[in-house]
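Q: Quick one: this structure, given as structure tokens, is what I'll be asking you about.
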Amino acid sequence: QEISWDLALYGSPAFRVAGESFAEYVNENSGGKMEITVHNGTLSPTREVLDNVSIGAFELGYVISSYHPGKNPLLSVLDLPFLPIPTMEDRLAVADLVYDNPHVKKEFAKWGVVPVMTVVQPNYEVMGKGAAPTALTSFDGMRMKATSGIGNALAVYGASLVNVSGPEQYNALQTGVIDAVAATPSAHGGYKLYELSDWYTTGMAAGTAHVTLVGNEAAYAALPDDMKALLAEAKAHANAATIEAQNAAAAQYEPELEKRGLAHVTITPEMIATLRKEAAQPVWDAYVADLEGKGLPGQEMLNLVLNAGM
Amino acid sequence: MLDKLDRALMRVEYLTAWIAGLTIFVVMLLVTAEVLMRRLFNAPIQGQIDFISMAMVTFSLLCISHCYRQAGHIRMDMLQKLARGRLGWVTHLFATLVALFVVVAILPGTWTHFMRAWDLGDTTIGVGLPTWPSKLAAPVGLGILALRLGLEIWVFGRLILNDRLAPVGIPEPPNPLEDMDA
Amino acid sequence: MDPSTIGALGFLALVIMVMTGVHIVFATAITGFLGIVALKGWPVAVNIAGIIPHSAGSNYLFSVLPMFILIGFFASTSGMVQGAYRAAKAWIGWMPGGLAVSTVLAAGAFGAVSGASQATAAVFARVAIPELLKLKYAPSISAAAVAAAGTLASLIPPSAALVVYGAIVDESIGRLLLAGFIPGVFSALLYAGFIMLRFAGNPELGRPITGIDWAERGKSLLDVMPIILVMLMILGGMSTGWTTPTEAGATGAAIVFVYALFRRRIDFAGLQDSLVETAKLTVMIFSTFWGVFIFARFLAFTRLPTEIAEWLVALPFSPTAILIAILAGYAFLGMFLSASGMMLLTLPVIFPAVVELGIDPILFGILVIKMVEIGFITPPVGLNVYVVAGVRPDIPIASIFGAIWPFVLIDILTVALLILFPSITLFLPNLVLGAG
Ligand code: NA
Ligand code: NA
């Protein structure tokens, strides 16, 4: 083939589906003109993917913006907690609006990269040990692993945040270093946290870590028009495959939750409204103040997301 | 002259190792304080992981030249021990040239990695510490090592030309039996 | 040239450089760097290699390494470890190879605190080897015993490597950790048994200690109390949820430091020496890491490890034969890759095949970890041996590799027994968590 690209992936199987099906679609439909080689976890640590795509070490990679907010302050708007983005389909639409914003375009261009597609994930839920939370005040004194904005929001109700690495989570929950973990349902399942837990939430609508499949700008610009069109098709294909895989991954663990008798805590829309007002609004305000202080359009970014019409 | 340069460089290297040691001690105190604050007062110190991740690099890179001068880096030196005289110094020179090549080749890469964090911004995941200070440790540590390796090429080149000269500035480990038995 | 050929040539170049005495960090780094130049061009290679020293060192999970090294320095400064060895000498010093046996058993116990094999090797290289040499134990066998005993830490829980395995292949981490316990203890006992036989056959290798009466033995028990207390505090801290395994290192170091202060065994100069030495050892280990990582990045671009894995799975043999072939493949990769790098590269390809062959995934995990550990003590890149040689530059690295073969053979025997009798591994998890 004429064009050979490398793609850096990592994470759970459901998380990798977006990149894998994107590459598969291109490889099958390029008529032998383009080949994307998928590498799982071997090309870069997660924090350095943006740098590596920027320098052309590989052409494509997953970038988790919340791992390095300083690298992408504007894109980080999508990491704010309790944004009104209920479904994965909604998130895809809002993210495209954000990617189209001229300021965000400049932020990507600074790094010499382009956003190829969103690696969409469901909203975070909480799973934990001990008495199930019945009200927001139940989070008082709860030791939680909760990265990105959801931690800051629940801290308003007295949750104390313990930063435990992914592989340490299971042990930490087992020995009581932490009481609960906020993550996507498929991540709860992947790390087998249900083996140790007594309860889990649904309807939290807490938001999620935003993940972008980025491409090297120069490599992307050098593609012939028919390959650019093929990449656009591959994106739609990969989005659909991801949503299906994320739903299946969550459903796969549901029988375990029932079998082990975990209490199911439903977070009501009223609780979400309260959370948004009391806990999330201060986090949003702090984000805006921080960016405006640096001369960046924080308010414009927040308005863009809040007024996306979801 | 060579002796003076060697000793001056050793003083700089010891300073980097001292800074690194201090960082390790601070990390020990900080983690202990974090555990106590978390368990006794349910008030964990935010940013502990961020600081430690960044501090680790500082101490792992800054004193790399000190470690080199103390012959701390591991190698299989059967050949060096077998070959005596000039041939022995040639094998040392080869190893030093390889090291200098690596260090000089990747130095610009460590510098641009720092410059990206400085120019374009980069912060840690938890409390948003800037990462550029720890990224600067790489070019600084490797820069000092490049000077050291340059000096070592002089050291070994001089001995290859005349192997009866006093062997000044050869990396040799301190005697472990004296040094380690507390 | 296709990437796999470049990968194979790179490996050959690495071996030659290591053999000619180039430092491991620079031999791995230059091979990896020039390999990436061949695949991606000079400017990209410079930038890739330039990122790795920082990103390798900023891994939070590695921060446990300097802390456990520091425990070793403080423990030896405070006289704590020497006390423990006085007790070990008094009680089992009369046996053939008694002090080496107690080193292995003590390292196994320490593995219940440490999740990292290199950290354990570093600590025991510092505290045990001087004591062994004082009694005229052969330096190469002493160093080999410490390097091998270090590997016990990755089987006996807590274990970072087992958690990584569980996360990659989606198996119960609790079950895996429980499964590691008996094989770990089993390995420790086999090592101890070998040492006793070896020293019984050749008493020249190390003097037994005679003429210690029961009063002295009784008194020596007091000396061993501090280290047992510290072990209990560290273990207790982890099992009750006060600390994560990573934090246990730092709090352990703080406890031992306070003890040394209390005993007035450490002053400012002593503290400064301990810290500078810890920094030196840390930078040595970390430099080796980033050298190996640059090489591993090059291999990842060539996809050589993935291709080796695919080839192994396609072999037309029985499941057991393929399992043995797969494990042999891991032993080969383990010569030049890190544990997690090796698992990430190969498990996604190998694991589905392993399940299809009807091999128990928990047992396979323990076997993979055991193979990874064998890789840590075999040439040319055996990180545990490097660490021990780094702490003891007076003991030639080649002589350690020369003396370590019996331990490698014991490990291979252990792997064979684990394959023949799966219940050694599966008994404990099935007992505690019920049949899976
Ligand atoms: Na362990
Ligand atoms: Na090896």
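Within each chain, counting starts at residue 1; across the structure tokens, chains are named A, B, ... in the order shown, with ligands numbered 1 upward in that order.
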Can you check which residues of segment 36-157 of chain B DSSP gives as helix (DSSP H, G or I) on the backbone and send them as a ChimeraX atom specification?
A: /B:36-41,48-62,64-69,78-82,85-119,132-157
Q: Selection from above, C-alpha atoms, as a compact mmCIF listing (two decimals), in the first residue's frame, can you write it?
A:
# COMPACT_ATOMS: atom_id res chain seq x y z
CA LEU B 36 -1.78 10.29 58.53
CA MET B 37 -3.92 13.23 57.39
CA ARG B 38 -6.19 10.92 55.43
CA ARG B 39 -6.72 8.35 58.17
CA LEU B 40 -6.71 10.56 61.25
CA PHE B 41 -8.50 13.63 59.90
CA GLN B 48 0.46 14.19 46.53
CA ILE B 49 0.55 11.82 43.54
CA ASP B 50 1.15 14.69 41.11
CA PHE B 51 4.09 15.97 43.10
CA ILE B 52 5.63 12.54 43.53
CA SER B 53 5.30 11.63 39.85
CA MET B 54 7.06 14.84 38.88
CA ALA B 55 9.65 14.67 41.68
CA MET B 56 10.60 11.11 40.75
CA VAL B 57 11.89 12.26 37.38
CA THR B 58 13.83 15.10 38.89
CA PHE B 59 15.83 12.82 41.10
CA SER B 60 16.07 10.03 38.61
CA LEU B 61 17.59 12.22 35.91
CA LEU B 62 19.40 15.11 37.55
CA ILE B 64 22.78 10.62 36.24
CA SER B 65 26.31 12.02 35.78
CA HIS B 66 27.14 11.52 39.48
CA CYS B 67 26.07 7.90 39.12
CA TYR B 68 28.27 7.59 36.01
CA ARG B 69 31.37 9.01 37.76
CA MET B 78 34.51 -8.85 31.54
CA LEU B 79 36.21 -7.52 28.41
CA GLN B 80 37.53 -4.43 30.22
CA LYS B 81 38.87 -6.64 32.99
CA LEU B 82 40.52 -9.09 30.56
CA GLY B 85 46.98 -1.67 29.02
CA ARG B 86 46.14 0.22 25.84
CA LEU B 87 43.69 -2.37 24.52
CA GLY B 88 41.80 -2.10 27.81
CA TRP B 89 41.60 1.70 27.50
CA VAL B 90 40.36 1.28 23.90
CA THR B 91 37.39 -0.80 25.10
CA HIS B 92 36.64 1.88 27.69
CA LEU B 93 36.85 4.54 24.99
CA PHE B 94 34.41 2.58 22.79
CA ALA B 95 31.84 2.31 25.60
CA THR B 96 32.25 6.04 26.33
CA LEU B 97 31.81 6.98 22.66
CA VAL B 98 28.59 4.94 22.47
CA ALA B 99 27.32 6.69 25.60
CA LEU B 100 28.25 10.14 24.28
CA PHE B 101 26.56 9.39 20.95
CA VAL B 102 23.32 8.38 22.69
CA VAL B 103 23.32 11.36 25.02
CA VAL B 104 24.13 13.95 22.34
CA ALA B 105 21.63 12.37 19.93
CA ILE B 106 18.66 12.47 22.32
CA LEU B 107 19.53 15.73 24.13
CA PRO B 108 17.68 17.87 21.55
CA GLY B 109 14.66 15.57 21.96
CA THR B 110 14.59 16.03 25.73
CA TRP B 111 14.91 19.80 25.19
CA THR B 112 11.99 20.01 22.72
CA HIS B 113 9.92 17.87 25.11
CA PHE B 114 10.57 20.51 27.76
CA MET B 115 9.90 23.36 25.30
CA ARG B 116 6.51 21.91 24.34
CA ALA B 117 5.47 21.87 27.99
CA TRP B 118 6.86 25.42 28.44
CA ASP B 119 5.37 26.96 25.27
CA TRP B 132 7.92 21.85 32.70
CA PRO B 133 10.25 22.00 35.73
CA SER B 134 10.56 18.22 35.86
CA LYS B 135 10.87 17.99 32.08
CA LEU B 136 13.78 20.44 32.31
CA ALA B 137 15.60 17.96 34.55
CA ALA B 138 16.16 15.66 31.56
CA PRO B 139 18.24 18.01 29.38
CA VAL B 140 20.05 19.40 32.46
CA GLY B 141 21.00 15.96 33.81
CA LEU B 142 21.94 14.63 30.39
CA GLY B 143 23.79 17.88 29.61
CA ILE B 144 26.02 17.44 32.66
CA LEU B 145 26.52 13.81 31.61
CA ALA B 146 27.57 14.94 28.11
CA LEU B 147 30.27 17.14 29.70
CA ARG B 148 31.37 14.23 31.85
CA LEU B 149 31.55 11.87 28.86
CA GLY B 150 33.52 14.44 26.88
CA LEU B 151 35.99 14.61 29.76
CA GLU B 152 36.16 10.80 29.91
CA ILE B 153 37.10 10.67 26.22
CA TRP B 154 40.04 12.91 27.06
CA VAL B 155 40.86 10.65 30.03
CA PHE B 156 40.88 7.45 27.98
CA GLY B 157 42.40 9.01 24.82
Q: Report as a list in words which protein, DNA and RNA residues come within 7 Å of ligand 2, using only C-alpha atoms and all ligand atoms.
A: Gly334, Met335, Phe336, Ile374, Gly375, Phe376, Ile377, Thr378, Pro379, Pro380, Val381, Gly382 and Leu383 of chain C
Q: For the selection just defined, write its residues with N, CA and C atoms to a file, as a PDB file, in the first residue's frame.
A:
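Writing done, so here's again.pdb:
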ATOM      1  N   GLY C 334      11.491 -12.241  27.624  1.00  0.00           N
ATOM      2  CA  GLY C 334      11.878 -11.737  28.931  1.00  0.00           C
ATOM      3  C   GLY C 334      13.346 -11.385  29.017  1.00  0.00           C
ATOM      4  N   MET C 335      14.124 -11.840  28.033  1.00  0.00           N
ATOM      5  CA  MET C 335      15.536 -11.478  28.039  1.00  0.00           C
ATOM      6  C   MET C 335      15.704 -10.001  27.763  1.00  0.00           C
ATOM      7  N   PHE C 336      14.732  -9.378  27.066  1.00  0.00           N
ATOM      8  CA  PHE C 336      14.985  -7.986  26.728  1.00  0.00           C
ATOM      9  C   PHE C 336      13.785  -7.065  26.906  1.00  0.00           C
ATOM     10  N   ILE C 374      11.665 -15.298  35.600  1.00  0.00           N
ATOM     11  CA  ILE C 374      12.853 -15.977  35.081  1.00  0.00           C
ATOM     12  C   ILE C 374      13.629 -15.016  34.189  1.00  0.00           C
ATOM     13  N   GLY C 375      12.885 -14.230  33.403  1.00  0.00           N
ATOM     14  CA  GLY C 375      13.535 -13.241  32.542  1.00  0.00           C
ATOM     15  C   GLY C 375      14.370 -12.240  33.325  1.00  0.00           C
ATOM     16  N   PHE C 376      13.965 -11.963  34.575  1.00  0.00           N
ATOM     17  CA  PHE C 376      14.693 -10.987  35.392  1.00  0.00           C
ATOM     18  C   PHE C 376      16.055 -11.509  35.855  1.00  0.00           C
ATOM     19  N   ILE C 377      16.273 -12.838  35.748  1.00  0.00           N
ATOM     20  CA  ILE C 377      17.554 -13.370  36.235  1.00  0.00           C
ATOM     21  C   ILE C 377      18.354 -14.083  35.158  1.00  0.00           C
ATOM     22  N   THR C 378      17.940 -13.901  33.876  1.00  0.00           N
ATOM     23  CA  THR C 378      18.719 -14.524  32.807  1.00  0.00           C
ATOM     24  C   THR C 378      19.426 -13.457  31.965  1.00  0.00           C
ATOM     25  N   PRO C 379      20.611 -13.767  31.424  1.00  0.00           N
ATOM     26  CA  PRO C 379      21.300 -12.829  30.547  1.00  0.00           C
ATOM     27  C   PRO C 379      20.604 -12.747  29.186  1.00  0.00           C
ATOM     28  N   PRO C 380      20.823 -11.736  28.349  1.00  0.00           N
ATOM     29  CA  PRO C 380      21.718 -10.610  28.630  1.00  0.00           C
ATOM     30  C   PRO C 380      21.072  -9.497  29.459  1.00  0.00           C
ATOM     31  N   VAL C 381      19.751  -9.346  29.409  1.00  0.00           N
ATOM     32  CA  VAL C 381      19.123  -8.290  30.199  1.00  0.00           C
ATOM     33  C   VAL C 381      18.349  -8.934  31.342  1.00  0.00           C
ATOM     34  N   GLY C 382      18.959  -9.045  32.501  1.00  0.00           N
ATOM     35  CA  GLY C 382      18.282  -9.593  33.677  1.00  0.00           C
ATOM     36  C   GLY C 382      18.266  -8.518  34.759  1.00  0.00           C
ATOM     37  N   LEU C 383      17.145  -7.800  34.839  1.00  0.00           N
ATOM     38  CA  LEU C 383      17.126  -6.594  35.684  1.00  0.00           C
ATOM     39  C   LEU C 383      17.521  -6.873  37.131  1.00  0.00           C
TER      40      LEU C 383
END
Q: Give me, as a ChimeraX atom specification, the residues of chain C touching chain A, with the criterion being at most 6 Å (counting only C-alpha atoms).
A: /C:44,163,170,239-241,300
Q: Mind writing the picked residues with all heavy atoms as a compact mmCIF listing (two decimals), in the first residue's frame?
A:
# COMPACT_ATOMS: atom_id res chain seq x y z
N VAL C 44 12.36 12.27 13.88
CA VAL C 44 11.30 11.66 14.67
C VAL C 44 11.92 10.80 15.78
O VAL C 44 11.46 10.82 16.93
CB VAL C 44 10.36 10.82 13.77
CG1 VAL C 44 9.36 10.04 14.61
CG2 VAL C 44 9.62 11.73 12.80
N VAL C 163 -1.51 -7.69 38.95
CA VAL C 163 -2.62 -6.75 38.74
C VAL C 163 -2.66 -6.32 37.28
O VAL C 163 -3.74 -6.26 36.67
CB VAL C 163 -2.48 -5.53 39.68
CG1 VAL C 163 -3.51 -4.48 39.35
CG2 VAL C 163 -2.62 -5.97 41.12
N ASP C 170 -8.74 -9.38 31.80
CA ASP C 170 -10.09 -9.33 32.36
C ASP C 170 -10.39 -10.56 33.22
O ASP C 170 -11.39 -11.24 33.05
CB ASP C 170 -11.11 -9.20 31.22
CG ASP C 170 -12.47 -8.76 31.72
OD1 ASP C 170 -12.52 -8.21 32.82
OD2 ASP C 170 -13.47 -8.99 31.02
N SER C 239 -3.04 -4.23 55.03
CA SER C 239 -4.21 -5.11 55.08
C SER C 239 -5.40 -4.43 55.75
O SER C 239 -6.53 -4.81 55.52
CB SER C 239 -3.87 -6.43 55.77
OG SER C 239 -3.41 -6.16 57.07
N THR C 240 -5.14 -3.39 56.55
CA THR C 240 -6.26 -2.68 57.16
C THR C 240 -6.67 -1.45 56.38
O THR C 240 -7.57 -0.74 56.77
CB THR C 240 -5.91 -2.23 58.59
OG1 THR C 240 -4.74 -1.39 58.50
CG2 THR C 240 -5.63 -3.39 59.50
N GLY C 241 -5.99 -1.20 55.26
CA GLY C 241 -6.41 -0.09 54.43
C GLY C 241 -5.84 1.25 54.83
O GLY C 241 -6.28 2.29 54.36
N ALA C 300 8.27 -2.37 19.46
CA ALA C 300 6.83 -2.22 19.25
C ALA C 300 6.55 -1.76 17.83
O ALA C 300 5.63 -2.26 17.19
CB ALA C 300 6.25 -1.24 20.26
Q: Please check the contacts: residues of chain B at most 8 Å away from chain A, using only C-alpha atoms, listed as a list in words.
A: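 Those within range of chain A come out as Asn42, Ala43, Pro44, Gln46, Ile49, His113, Ala117, Leu120, Gly121, Asp122, Thr123, Thr124, Ile125, Gly126, Gly128 and Pro130 of chain B.
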Q: When you count only C-alpha atoms, which of these residues is closest to chain C: B:Ala8, B:Leu2, B:Ala71, B:Ile45?
A: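 Closest candidate: B:Ala71.
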Q: Any idea what's packed within 6 Å of Tyr200 of chain A, counting only C-alpha atoms, ignoring anything in its chain fewer than 5 positions away? Could you give it as an mmCIF file with all heavy atoms, in the first residue's frame?
A:
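Contents of the output file selection_32.cif:
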data_model
loop_
_atom_site.group_PDB
_atom_site.id
_atom_site.type_symbol
_atom_site.label_atom_id
_atom_site.label_comp_id
_atom_site.auth_asym_id
_atom_site.auth_seq_id
_atom_site.Cartn_x
_atom_site.Cartn_y
_atom_site.Cartn_z
ATOM 1 N N VAL A 126 -21.065 5.608 40.076
ATOM 2 C CA VAL A 126 -20.258 5.337 41.261
ATOM 3 C C VAL A 126 -20.575 3.936 41.768
ATOM 4 O O VAL A 126 -21.740 3.515 41.773
ATOM 5 C CB VAL A 126 -20.525 6.366 42.387
ATOM 6 C CG1 VAL A 126 -19.575 6.129 43.554
ATOM 7 C CG2 VAL A 126 -20.371 7.773 41.865
ATOM 8 N N MET A 127 -19.537 3.180 42.168
ATOM 9 C CA MET A 127 -19.732 1.853 42.743
ATOM 10 C C MET A 127 -18.894 1.798 44.010
ATOM 11 O O MET A 127 -17.772 2.316 44.028
ATOM 12 C CB MET A 127 -19.271 0.795 41.740
ATOM 13 C CG MET A 127 -19.483 -0.638 42.214
ATOM 14 S SD MET A 127 -19.009 -1.849 40.942
ATOM 15 C CE MET A 127 -20.485 -1.924 39.947
ATOM 16 N N HIS A 264 -28.996 -1.265 44.095
ATOM 17 C CA HIS A 264 -29.048 -0.373 42.941
ATOM 18 C C HIS A 264 -29.562 0.997 43.399
ATOM 19 O O HIS A 264 -30.683 1.122 43.860
ATOM 20 C CB HIS A 264 -29.974 -1.004 41.901
ATOM 21 C CG HIS A 264 -30.153 -0.144 40.688
ATOM 22 N ND1 HIS A 264 -30.930 -0.515 39.636
ATOM 23 C CD2 HIS A 264 -29.655 1.061 40.371
ATOM 24 C CE1 HIS A 264 -30.913 0.434 38.715
ATOM 25 N NE2 HIS A 264 -30.141 1.408 39.146
ATOM 26 N N VAL A 265 -28.719 2.000 43.326
ATOM 27 C CA VAL A 265 -29.095 3.342 43.770
ATOM 28 C C VAL A 265 -29.432 4.178 42.541
ATOM 29 O O VAL A 265 -28.572 4.401 41.689
ATOM 30 C CB VAL A 265 -27.939 4.011 44.543
ATOM 31 C CG1 VAL A 265 -28.335 5.405 45.003
ATOM 32 C CG2 VAL A 265 -27.509 3.148 45.716
#
Q: Residues within 7 Å of Ala143 of chain C, please, as a CSV table (one decimal) with N, CA and C atoms, in the first residue's frame. Count only C-alpha atoms; anything in the same chain fewer than 6 positions from it doesn't count.
A:
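Once everything was written out, this is part-v3.csv:
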chain,number,residue,atom,x,y,z
C,129,ILE,N,24.1,-9.2,51.6
C,129,ILE,CA,25.3,-9.6,51.0
C,129,ILE,C,26.5,-9.3,52.0
C,388,VAL,N,21.4,-6.1,41.6
C,388,VAL,CA,22.4,-6.6,42.6
C,388,VAL,C,23.8,-6.2,42.3
C,400,ILE,N,27.7,-13.5,38.6
C,400,ILE,CA,26.4,-13.7,39.1
C,400,ILE,C,25.5,-14.5,38.1
Q: Would you mind telling me which residue in C:Ala192, C:Leu271, C:Ala148, C:Ala403 lies nearest to chain B when using only C-alpha atoms?
A: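 Smallest separation from chain B among the options: C:Leu271.
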Q: Applying 10 Å and only C-alpha atoms, which residues near Asp2 of chain C remain after dropping the ones on its own chain fewer than 5 positions away? List them as a count of residues only.
A: 3
Q: With only C-alpha atoms as the counted atoms, please give the residues lying no more than 12 Å from Lys280 of chain C, apart from itself and same-chain residues fewer than 4 positions off, as a ChimeraX atom specification.
A: /B:13-14,16-21,24,59-74,173 /C:66,69-70,273-276,284-287,387,390-391
Q: Select residues of chain C: the criterion is any atom within 7 Å of an atom of chain B, counting only C-alpha atoms; output as a ChimeraX atom specification.
A: /C:18-24,26,29-30,46-47,49-51,53-54,57-60,63,76-77,130,242-243,247,250-251,254,275-276,278-280,282-284,286,386,389-390,392-393,397-398
Q: Which of these residues is nearest to Gly10 of chain C, using only C-alpha atoms: C:Met231, C:Val37, C:Val385, C:Met343?
A: C:Val37
